[in-house]
>>> print(open('structure06.csv').read())   # CSV, C-alpha atoms and all ligand atoms
chain,number,residue,atom,x,y,z
A,1,MET,CA,-3.5,3.6,9.5
A,2,LYS,CA,-3.7,6.1,12.4
A,3,TRP,CA,-0.8,6.0,14.9
A,4,ASP,CA,-0.7,7.0,18.5
A,5,SER,CA,2.8,8.5,18.2
A,6,SER,CA,3.2,9.3,21.9
A,7,LEU,CA,2.2,5.8,23.0
A,8,TYR,CA,4.7,4.6,20.4
A,9,ASP,CA,7.5,6.7,21.8
A,10,ARG,CA,6.6,6.0,25.5
A,11,GLN,CA,6.0,2.3,25.5
A,12,HIS,CA,7.6,0.9,22.3
A,13,SER,CA,10.8,2.8,22.1
A,14,PHE,CA,12.6,-0.5,21.5
A,15,VAL,CA,11.6,-0.1,17.9
A,16,PHE,CA,14.0,2.7,17.3
A,17,ASN,CA,16.4,1.6,20.0
A,18,PHE,CA,17.0,-1.6,18.1
A,19,GLY,CA,17.4,0.5,14.9
A,20,LYS,CA,20.6,1.8,16.3
A,21,ASP,CA,22.3,-1.5,15.4
A,22,LEU,CA,21.3,-0.9,11.8
A,23,LEU,CA,22.9,2.5,11.9
A,24,GLY,CA,26.2,0.7,12.4
A,25,LEU,CA,25.7,-1.1,9.1
A,26,LEU,CA,24.7,2.1,7.4
A,27,ASN,CA,27.9,3.7,8.6
A,28,ALA,CA,26.8,7.1,7.4
A,29,GLN,CA,29.5,9.5,6.2
A,30,ALA,CA,29.5,13.3,6.2
A,31,GLY,CA,28.0,14.7,3.0
A,32,GLU,CA,26.2,11.4,1.9
A,33,ARG,CA,22.6,11.8,1.0
A,34,ILE,CA,20.5,9.3,2.9
A,35,LEU,CA,16.8,8.7,2.8
A,36,ASP,CA,15.2,7.2,6.0
A,37,LEU,CA,12.2,5.3,4.6
A,38,GLY,CA,9.5,5.0,7.3
A,39,CYS,CA,11.2,7.5,9.7
A,40,GLY,CA,8.3,7.6,12.2
A,41,THR,CA,9.1,10.2,14.8
A,42,ALA,CA,12.5,10.7,13.2
A,43,HIS,CA,14.8,9.7,16.1
A,44,LEU,CA,17.0,7.7,13.7
A,45,THR,CA,16.9,10.3,11.0
A,46,GLN,CA,18.3,12.7,13.5
A,47,GLN,CA,21.1,10.3,14.4
A,48,ILE,CA,21.9,10.0,10.8
A,49,ALA,CA,22.0,13.8,10.4
A,50,GLU,CA,24.4,14.0,13.4
A,51,THR,CA,27.0,12.2,11.4
A,52,GLY,CA,27.1,15.1,8.9
A,53,ALA,CA,25.2,13.2,6.3
A,54,ILE,CA,22.3,14.9,4.6
A,55,ALA,CA,19.3,13.0,6.0
A,56,VAL,CA,15.8,13.1,4.7
A,57,GLY,CA,12.9,11.3,6.4
A,58,MET,CA,9.7,10.0,4.8
A,59,ASP,CA,6.7,8.3,6.4
A,60,ALA,CA,3.1,7.6,5.5
A,61,SER,CA,1.8,8.7,8.9
A,62,ALA,CA,1.0,12.4,9.3
A,63,GLU,CA,0.7,11.9,13.1
A,64,MET,CA,4.3,10.4,13.4
A,65,LEU,CA,5.6,13.2,11.2
A,66,GLN,CA,4.0,15.9,13.2
A,67,ASP,CA,5.8,14.6,16.3
A,68,GLY,CA,9.0,14.3,14.3
A,69,ARG,CA,8.8,17.9,13.1
A,70,ARG,CA,8.2,19.1,16.7
A,71,LEU,CA,11.2,17.2,18.0
A,72,TYR,CA,13.6,17.9,15.2
A,73,PRO,CA,12.4,21.1,13.4
A,74,THR,CA,15.4,21.3,11.1
A,75,LEU,CA,15.0,17.9,9.5
A,76,PRO,CA,13.4,17.6,6.1
A,77,LEU,CA,10.5,15.2,6.7
A,78,TYR,CA,8.0,14.2,4.0
A,79,GLU,CA,4.7,12.4,3.9
A,80,ALA,CA,4.9,9.8,1.2
A,81,ASP,CA,3.9,6.2,0.3
A,82,ALA,CA,6.9,3.8,0.3
A,83,ALA,CA,5.3,1.7,-2.4
A,84,LYS,CA,5.1,4.5,-4.9
A,85,PHE,CA,7.2,7.6,-4.3
A,86,SER,CA,9.3,9.6,-6.6
A,87,LEU,CA,12.4,11.8,-5.8
A,88,ALA,CA,10.1,14.8,-6.0
A,89,ASP,CA,7.9,13.4,-3.3
A,90,VAL,CA,10.8,13.5,-0.9
A,91,GLY,CA,12.0,16.9,-2.0
A,92,ALA,CA,15.0,15.6,-4.0
A,93,ASP,CA,16.2,16.3,-7.5
A,94,VAL,CA,19.2,13.9,-7.4
A,95,PRO,CA,19.1,10.3,-6.3
A,96,PHE,CA,20.3,9.2,-2.8
A,97,ASP,CA,23.6,7.4,-1.9
A,98,GLU,CA,21.7,5.2,0.5
A,99,VAL,CA,18.1,4.3,1.5
A,100,PHE,CA,17.8,3.2,5.1
A,101,SER,CA,14.6,1.6,6.6
A,102,ASN,CA,14.0,0.3,10.1
A,103,ALA,CA,10.9,-1.6,11.2
A,104,THR,CA,8.7,-0.3,8.4
A,105,LEU,CA,8.6,-2.7,5.4
A,106,HIS,CA,6.4,-5.3,7.1
A,107,TRP,CA,3.5,-2.8,7.0
A,108,ILE,CA,3.5,-2.7,3.3
A,109,PRO,CA,2.0,-5.6,1.4
A,110,ASN,CA,3.1,-4.1,-2.0
A,111,ALA,CA,6.7,-5.1,-1.5
A,112,GLU,CA,7.6,-5.0,-5.2
A,113,GLY,CA,6.3,-1.4,-5.3
A,114,VAL,CA,8.7,-0.5,-2.4
A,115,VAL,CA,11.7,-2.2,-4.0
A,116,ARG,CA,11.1,-0.5,-7.4
A,117,SER,CA,10.6,2.9,-5.7
A,118,VAL,CA,13.8,2.4,-3.7
A,119,TYR,CA,15.7,1.4,-6.9
A,120,ALA,CA,14.5,4.6,-8.6
A,121,ALA,CA,15.5,6.7,-5.5
A,122,LEU,CA,19.1,5.4,-5.5
A,123,LYS,CA,22.2,6.3,-7.5
A,124,PRO,CA,23.7,3.4,-9.4
A,125,GLN,CA,25.8,1.4,-6.8
A,126,GLY,CA,23.8,3.1,-4.0
A,127,ARG,CA,22.9,0.8,-1.0
A,128,PHE,CA,19.6,-0.2,0.4
A,129,ILE,CA,19.9,-1.1,4.1
A,130,ALA,CA,16.8,-2.4,5.8
A,131,GLU,CA,15.5,-4.4,8.8
A,132,PHE,CA,12.0,-5.5,9.3
A,133,GLY,CA,9.9,-8.6,10.4
A,134,GLY,CA,10.9,-11.8,8.6
A,135,LYS,CA,9.2,-15.1,8.2
A,136,GLY,CA,7.8,-16.3,11.5
A,137,ASN,CA,7.7,-12.9,13.1
A,138,VAL,CA,5.4,-12.5,16.1
A,139,ALA,CA,3.9,-15.8,15.2
A,140,LEU,CA,2.5,-16.5,18.7
A,141,LEU,CA,1.1,-13.0,19.1
A,142,ARG,CA,-0.6,-13.1,15.7
A,143,LYS,CA,-2.0,-16.6,16.3
A,144,ALA,CA,-3.5,-15.7,19.6
A,145,ALA,CA,-5.1,-12.5,18.2
A,146,ARG,CA,-6.6,-14.5,15.3
A,147,ALA,CA,-7.9,-17.1,17.7
A,148,ALA,CA,-9.4,-14.5,20.0
A,149,LEU,CA,-11.1,-12.8,17.1
A,150,LEU,CA,-12.5,-16.1,15.9
A,151,GLU,CA,-13.8,-16.8,19.3
A,152,LEU,CA,-15.4,-13.3,19.7
A,153,THR,CA,-16.8,-12.7,16.2
A,154,GLY,CA,-16.9,-16.1,14.5
A,155,ARG,CA,-14.8,-14.6,11.8
A,156,ASP,CA,-11.3,-15.9,10.8
A,157,ILE,CA,-9.4,-12.8,9.7
A,158,PRO,CA,-5.9,-13.3,8.4
A,159,ASP,CA,-3.5,-10.5,9.1
A,160,THR,CA,-1.8,-8.5,6.3
A,161,PHE,CA,1.7,-8.2,7.6
A,162,TYR,CA,4.5,-8.8,5.1
A,163,PHE,CA,7.0,-11.1,6.7
A,164,PRO,CA,9.0,-12.7,3.8
A,165,SER,CA,11.5,-15.5,4.0
A,166,PRO,CA,15.2,-14.6,3.2
A,167,ALA,CA,14.9,-16.5,-0.1
A,168,GLU,CA,11.7,-14.7,-1.1
A,169,TYR,CA,13.1,-11.2,-0.3
A,170,ALA,CA,16.5,-11.9,-2.0
A,171,THR,CA,14.6,-13.0,-5.1
A,172,LEU,CA,12.5,-9.9,-5.1
A,173,LEU,CA,15.6,-7.7,-4.8
A,174,GLU,CA,17.5,-9.5,-7.5
A,175,LYS,CA,14.5,-9.5,-9.9
A,176,ASN,CA,14.4,-5.7,-9.5
A,177,GLY,CA,18.0,-4.8,-10.2
A,178,PHE,CA,19.8,-5.2,-6.8
A,179,ARG,CA,22.7,-7.4,-5.7
A,180,VAL,CA,22.2,-8.8,-2.2
A,181,GLU,CA,25.4,-8.2,-0.3
A,182,ALA,CA,24.3,-9.6,3.0
A,183,LEU,CA,21.1,-10.9,4.5
A,184,TRP,CA,20.3,-12.2,8.0
A,185,HIS,CA,17.2,-13.9,9.4
A,186,PHE,CA,17.4,-14.2,13.2
A,187,ASP,CA,15.3,-14.3,16.4
A,188,ARG,CA,15.2,-11.3,18.6
A,189,PRO,CA,13.1,-12.0,21.7
A,190,THR,CA,11.9,-8.5,22.7
A,191,PRO,CA,10.8,-7.6,26.3
A,192,LEU,CA,7.5,-5.8,26.5
A,193,GLU,CA,6.8,-3.3,29.2
A,194,GLY,CA,4.2,-3.8,31.9
A,195,ALA,CA,1.8,-6.3,33.3
A,196,ASP,CA,-0.3,-6.0,30.1
A,197,GLY,CA,2.6,-6.1,27.7
A,198,ALA,CA,1.0,-8.4,25.2
A,199,ALA,CA,-2.3,-6.6,25.1
A,200,ASN,CA,-0.5,-3.3,24.8
A,201,TRP,CA,1.5,-4.6,21.9
A,202,LEU,CA,-1.7,-5.6,20.1
A,203,ARG,CA,-3.3,-2.3,20.9
A,204,MET,CA,-0.4,-0.4,19.4
A,205,PHE,CA,0.5,-2.7,16.4
A,206,GLY,CA,-2.8,-4.5,15.7
A,207,GLY,CA,-3.7,-2.4,12.7
A,208,ALA,CA,-2.7,-5.1,10.3
A,209,ILE,CA,-4.6,-7.7,12.4
A,210,PHE,CA,-7.9,-6.2,13.3
A,211,HIS,CA,-9.2,-5.1,9.9
A,212,GLY,CA,-12.8,-3.8,10.1
A,213,VAL,CA,-13.1,-4.8,13.7
A,214,GLU,CA,-15.1,-2.4,15.9
A,215,SER,CA,-13.1,-0.8,18.7
A,216,ASP,CA,-14.9,-2.6,21.6
A,217,VAL,CA,-14.4,-6.0,20.0
A,218,ARG,CA,-10.8,-5.1,19.2
A,219,GLU,CA,-10.2,-4.2,22.9
A,220,ALA,CA,-11.8,-7.5,24.0
A,221,ALA,CA,-9.7,-9.4,21.5
A,222,CYS,CA,-6.4,-7.8,22.8
A,223,LEU,CA,-7.3,-8.9,26.4
A,224,ARG,CA,-8.5,-12.4,25.3
A,225,ALA,CA,-5.3,-12.9,23.2
A,226,GLN,CA,-3.2,-11.9,26.2
A,227,GLU,CA,-5.1,-14.5,28.4
A,228,LEU,CA,-4.5,-17.2,25.7
A,229,LEU,CA,-0.8,-16.3,25.7
A,230,ARG,CA,-0.3,-16.6,29.5
A,231,SER,CA,0.5,-20.3,29.1
A,232,SER,CA,3.0,-19.7,26.2
A,233,VAL,CA,6.7,-19.0,26.2
A,234,LEU,CA,5.9,-15.3,25.8
A,235,TYR,CA,5.0,-15.1,29.5
A,236,SER,CA,7.3,-15.9,32.4
A,237,GLU,CA,7.4,-14.7,36.0
A,238,GLY,CA,5.0,-11.8,35.3
A,239,ALA,CA,7.0,-10.5,32.3
A,240,TRP,CA,6.1,-10.5,28.6
A,241,THR,CA,8.4,-11.0,25.7
A,242,ALA,CA,7.5,-10.7,22.0
A,243,ASP,CA,8.6,-13.4,19.6
A,244,TYR,CA,10.3,-11.0,17.1
A,245,VAL,CA,12.1,-12.5,14.1
A,246,ARG,CA,14.1,-10.1,12.0
A,247,LEU,CA,15.1,-9.9,8.4
A,248,ARG,CA,18.1,-7.6,7.8
A,249,VAL,CA,19.4,-6.9,4.4
A,250,VAL,CA,22.2,-4.9,2.6
A,251,ALA,CA,21.6,-4.7,-1.1
A,252,ARG,CA,23.3,-2.6,-3.8
A,253,ARG,CA,21.6,-1.1,-6.8
A,254,MET,CA,23.2,-2.4,-10.0
A,255,SER,CA,23.7,0.0,-12.9
A,256,GLN,CA,21.2,-0.2,-15.8
B,1,LIG,C1,8.3,-5.6,13.9
B,1,LIG,O1,9.1,-4.7,14.2
B,1,LIG,O2,8.7,-6.7,13.6
B,1,LIG,C2,6.8,-5.4,14.0
B,1,LIG,C3,6.3,-4.3,14.7
B,1,LIG,C4,5.0,-4.2,14.7
B,1,LIG,C5,4.1,-5.0,14.1
B,1,LIG,C6,4.7,-6.1,13.4
B,1,LIG,C7,6.0,-6.3,13.4
>>> encode(input="structure06.csv", output="structure tokens")
Amino acid sequence: MKWDSSLYDRQHSFVFNFGKDLLGLLNAQAGERILDLGCGTAHLTQQIAETGAIAVGMDASAEMLQDGRRLYPTLPLYEADAAKFSLADVGADVPFDEVFSNATLHWIPNAEGVVRSVYAALKPQGRFIAEFGGKGNVALLRKAARAALLELTGRDIPDTFYFPSPAEYATLLEKNGFRVEALWHFDRPTPLEGADGAANWLRMFGGAIFHGVESDVREAACLRAQELLRSSVLYSEGAWTADYVRLRVVARRMSQ
């Protein structure tokens, strides 16, 4: 998927701003080796590095990494696939103390591939700390986009986001050698910027919704979905709020 990294940083900075909460759970210590999986433009990778930890970023998007390298030229940032990466792919020859991931895992349908790769990237007893969209995430936004597409194209196209329930994700982790130390599933209503906040959100993040849809139809669907949403709880007094639902997890890699 191609990303507009400057639009991401300009209008959707809440993605990494909310990630700051997760840094508290990570509680990085000087000298720890930490992989930031799905680092995007590397703002959080940089904050991890500022603790004195050895931070390495990885992302599947060349565009995001290009901006990250421009902003933070000393950070080691690698292009790699979260569902099948090895230590060598992220420039490492020894496993990490921690793998950290903010707002990335919902893009990757091969969740088992991710969990297995993270397991292999961690030391025994190493921690996996992640936050991403949980069951029910952006349900109204997705429903409106799907209805708009159906109206405009006659096609019913399900999205490919991965938004698991807590039980589903805990089971996946346990099956693959992790102990789940903590898990939260909670609402986070998220203000969107501007009079076209809902359409802008769909323009920026609709990649997993508008599969194979031509750009003019996609644009029309973003606007139509926004109109459908005007009578919903997402719109009030001229302001838009996205119906985010988070899944946050702390899991520890068990020994063999
Ligand atoms: C999220 O952070 O929950 C999210 C962001 C973009 C698309 C889907 C979900």
>>> residues_around(input="structure06.csv", residues="Pro189 of chain A", least_positions_apart="3", cutoff="10 Å", atoms="all atoms listed in the file", output="count of residues only")
11
>>> closest_residue(input="structure06.csv", among="A:Gly206, A:Gly133, A:Gly113, A:Pro164", to="ligand LIG 1 (chain B)", atoms="all atoms listed in the file")
A:Gly133
>>> closest_residue(input="structure06.csv", among="A:Ile129, A:Ala92, A:Tyr72, A:Gly136", to="Ala182 of chain A", atoms="all atoms listed in the file")
A:Ile129
>>> residues_near_point(input="structure06.csv", point="(5.3, -6.7, 1.0)", cutoff="9 Å", atoms="all atoms listed in the file", output="MDAnalysis selection string")
chainID A and resid 105:114 161:164
>>> atom_distance(input="structure06.csv", atom1="atom CA of Phe96 of chain A", atom2="atom CA of Leu122 of chain A")
4.8 Å
>>> decode(input="structure06.csv", residues="segment 217-233 of chain A", atoms="all heavy atoms", output="compact mmCIF listing (two decimals), in the first residue's frame")
# COMPACT_ATOMS: atom_id res chain seq x y z
N VAL A 217 -13.98 6.84 -8.26
CA VAL A 217 -15.08 6.21 -7.51
C VAL A 217 -14.75 6.24 -6.01
O VAL A 217 -15.60 6.50 -5.15
CB VAL A 217 -15.30 4.75 -7.97
CG1 VAL A 217 -16.43 4.08 -7.18
CG2 VAL A 217 -15.58 4.70 -9.47
N ARG A 218 -13.50 6.02 -5.73
CA ARG A 218 -13.04 6.04 -4.33
C ARG A 218 -13.30 7.42 -3.70
O ARG A 218 -13.83 7.52 -2.58
CB ARG A 218 -11.55 5.72 -4.34
CG ARG A 218 -10.93 5.63 -3.00
CD ARG A 218 -9.47 5.24 -3.13
NE ARG A 218 -8.82 5.49 -1.87
CZ ARG A 218 -7.86 4.74 -1.36
NH1 ARG A 218 -7.42 3.71 -1.99
NH2 ARG A 218 -7.33 5.04 -0.20
N GLU A 219 -12.95 8.46 -4.44
CA GLU A 219 -13.18 9.82 -3.94
C GLU A 219 -14.68 10.07 -3.73
O GLU A 219 -15.10 10.61 -2.69
CB GLU A 219 -12.58 10.84 -4.92
CG GLU A 219 -12.84 12.30 -4.57
CD GLU A 219 -12.37 12.72 -3.18
OE1 GLU A 219 -11.52 12.04 -2.57
OE2 GLU A 219 -12.88 13.74 -2.68
N ALA A 220 -15.48 9.62 -4.68
CA ALA A 220 -16.94 9.80 -4.54
C ALA A 220 -17.45 9.02 -3.32
O ALA A 220 -18.33 9.49 -2.58
CB ALA A 220 -17.65 9.33 -5.82
N ALA A 221 -16.87 7.84 -3.09
CA ALA A 221 -17.31 7.01 -1.95
C ALA A 221 -16.93 7.68 -0.61
O ALA A 221 -17.69 7.61 0.36
CB ALA A 221 -16.70 5.61 -2.04
N CYS A 222 -15.76 8.33 -0.58
CA CYS A 222 -15.36 9.02 0.66
C CYS A 222 -16.38 10.13 0.98
O CYS A 222 -16.80 10.28 2.14
CB CYS A 222 -13.97 9.65 0.50
SG CYS A 222 -12.64 8.44 0.37
N LEU A 223 -16.76 10.88 -0.04
CA LEU A 223 -17.71 11.98 0.19
C LEU A 223 -19.10 11.46 0.53
O LEU A 223 -19.78 11.98 1.42
CB LEU A 223 -17.76 12.88 -1.06
CG LEU A 223 -16.46 13.66 -1.32
CD1 LEU A 223 -16.50 14.36 -2.67
CD2 LEU A 223 -16.21 14.68 -0.19
N ARG A 224 -19.52 10.41 -0.17
CA ARG A 224 -20.86 9.84 0.10
C ARG A 224 -20.91 9.23 1.51
O ARG A 224 -21.88 9.42 2.24
CB ARG A 224 -21.18 8.78 -0.97
CG ARG A 224 -22.51 8.10 -0.79
CD ARG A 224 -23.68 9.10 -0.92
NE ARG A 224 -24.95 8.47 -0.59
CZ ARG A 224 -25.92 9.03 0.13
NH1 ARG A 224 -25.79 10.25 0.61
NH2 ARG A 224 -27.03 8.38 0.39
N ALA A 225 -19.85 8.54 1.88
CA ALA A 225 -19.81 7.95 3.23
C ALA A 225 -19.92 9.06 4.27
O ALA A 225 -20.65 8.94 5.27
CB ALA A 225 -18.53 7.15 3.41
N GLN A 226 -19.21 10.16 4.02
CA GLN A 226 -19.27 11.28 4.97
C GLN A 226 -20.70 11.80 5.10
O GLN A 226 -21.17 12.08 6.20
CB GLN A 226 -18.32 12.39 4.53
CG GLN A 226 -18.37 13.61 5.43
CD GLN A 226 -17.18 14.53 5.26
OE1 GLN A 226 -16.14 14.33 5.86
NE2 GLN A 226 -17.34 15.54 4.43
N GLU A 227 -21.42 11.89 3.95
CA GLU A 227 -22.80 12.35 4.01
C GLU A 227 -23.65 11.37 4.82
O GLU A 227 -24.48 11.77 5.64
CB GLU A 227 -23.38 12.54 2.60
CG GLU A 227 -22.89 13.81 1.92
CD GLU A 227 -22.72 14.98 2.90
OE1 GLU A 227 -23.73 15.39 3.55
OE2 GLU A 227 -21.58 15.47 3.05
N LEU A 228 -23.43 10.06 4.58
CA LEU A 228 -24.20 9.05 5.33
C LEU A 228 -23.95 9.17 6.84
O LEU A 228 -24.84 8.90 7.65
CB LEU A 228 -23.84 7.63 4.86
CG LEU A 228 -24.24 7.26 3.42
CD1 LEU A 228 -23.67 5.91 3.02
CD2 LEU A 228 -25.77 7.24 3.29
N LEU A 229 -22.75 9.60 7.18
CA LEU A 229 -22.38 9.66 8.61
C LEU A 229 -22.85 10.94 9.32
O LEU A 229 -22.75 11.02 10.54
CB LEU A 229 -20.86 9.52 8.75
CG LEU A 229 -20.32 8.11 8.50
CD1 LEU A 229 -18.81 8.13 8.31
CD2 LEU A 229 -20.69 7.17 9.66
N ARG A 230 -23.34 11.90 8.54
CA ARG A 230 -23.72 13.17 9.18
C ARG A 230 -24.81 13.01 10.23
O ARG A 230 -24.90 13.77 11.18
CB ARG A 230 -24.17 14.19 8.14
CG ARG A 230 -23.01 15.01 7.67
CD ARG A 230 -23.42 16.25 6.92
NE ARG A 230 -22.37 16.56 5.96
CZ ARG A 230 -21.23 17.15 6.29
NH1 ARG A 230 -21.00 17.52 7.53
NH2 ARG A 230 -20.31 17.37 5.38
N SER A 231 -25.65 11.96 10.05
CA SER A 231 -26.73 11.77 11.05
C SER A 231 -26.29 10.81 12.15
O SER A 231 -27.10 10.41 12.98
CB SER A 231 -27.97 11.23 10.34
OG SER A 231 -27.61 10.08 9.62
N SER A 232 -25.01 10.42 12.17
CA SER A 232 -24.56 9.45 13.18
C SER A 232 -23.91 10.16 14.37
O SER A 232 -23.68 11.38 14.33
CB SER A 232 -23.54 8.49 12.56
OG SER A 232 -22.29 9.15 12.45
N VAL A 233 -23.55 9.39 15.37
CA VAL A 233 -22.89 9.97 16.55
C VAL A 233 -21.49 10.48 16.24
O VAL A 233 -20.88 11.16 17.07
CB VAL A 233 -22.79 8.94 17.72
CG1 VAL A 233 -24.16 8.59 18.25
CG2 VAL A 233 -22.02 7.70 17.29
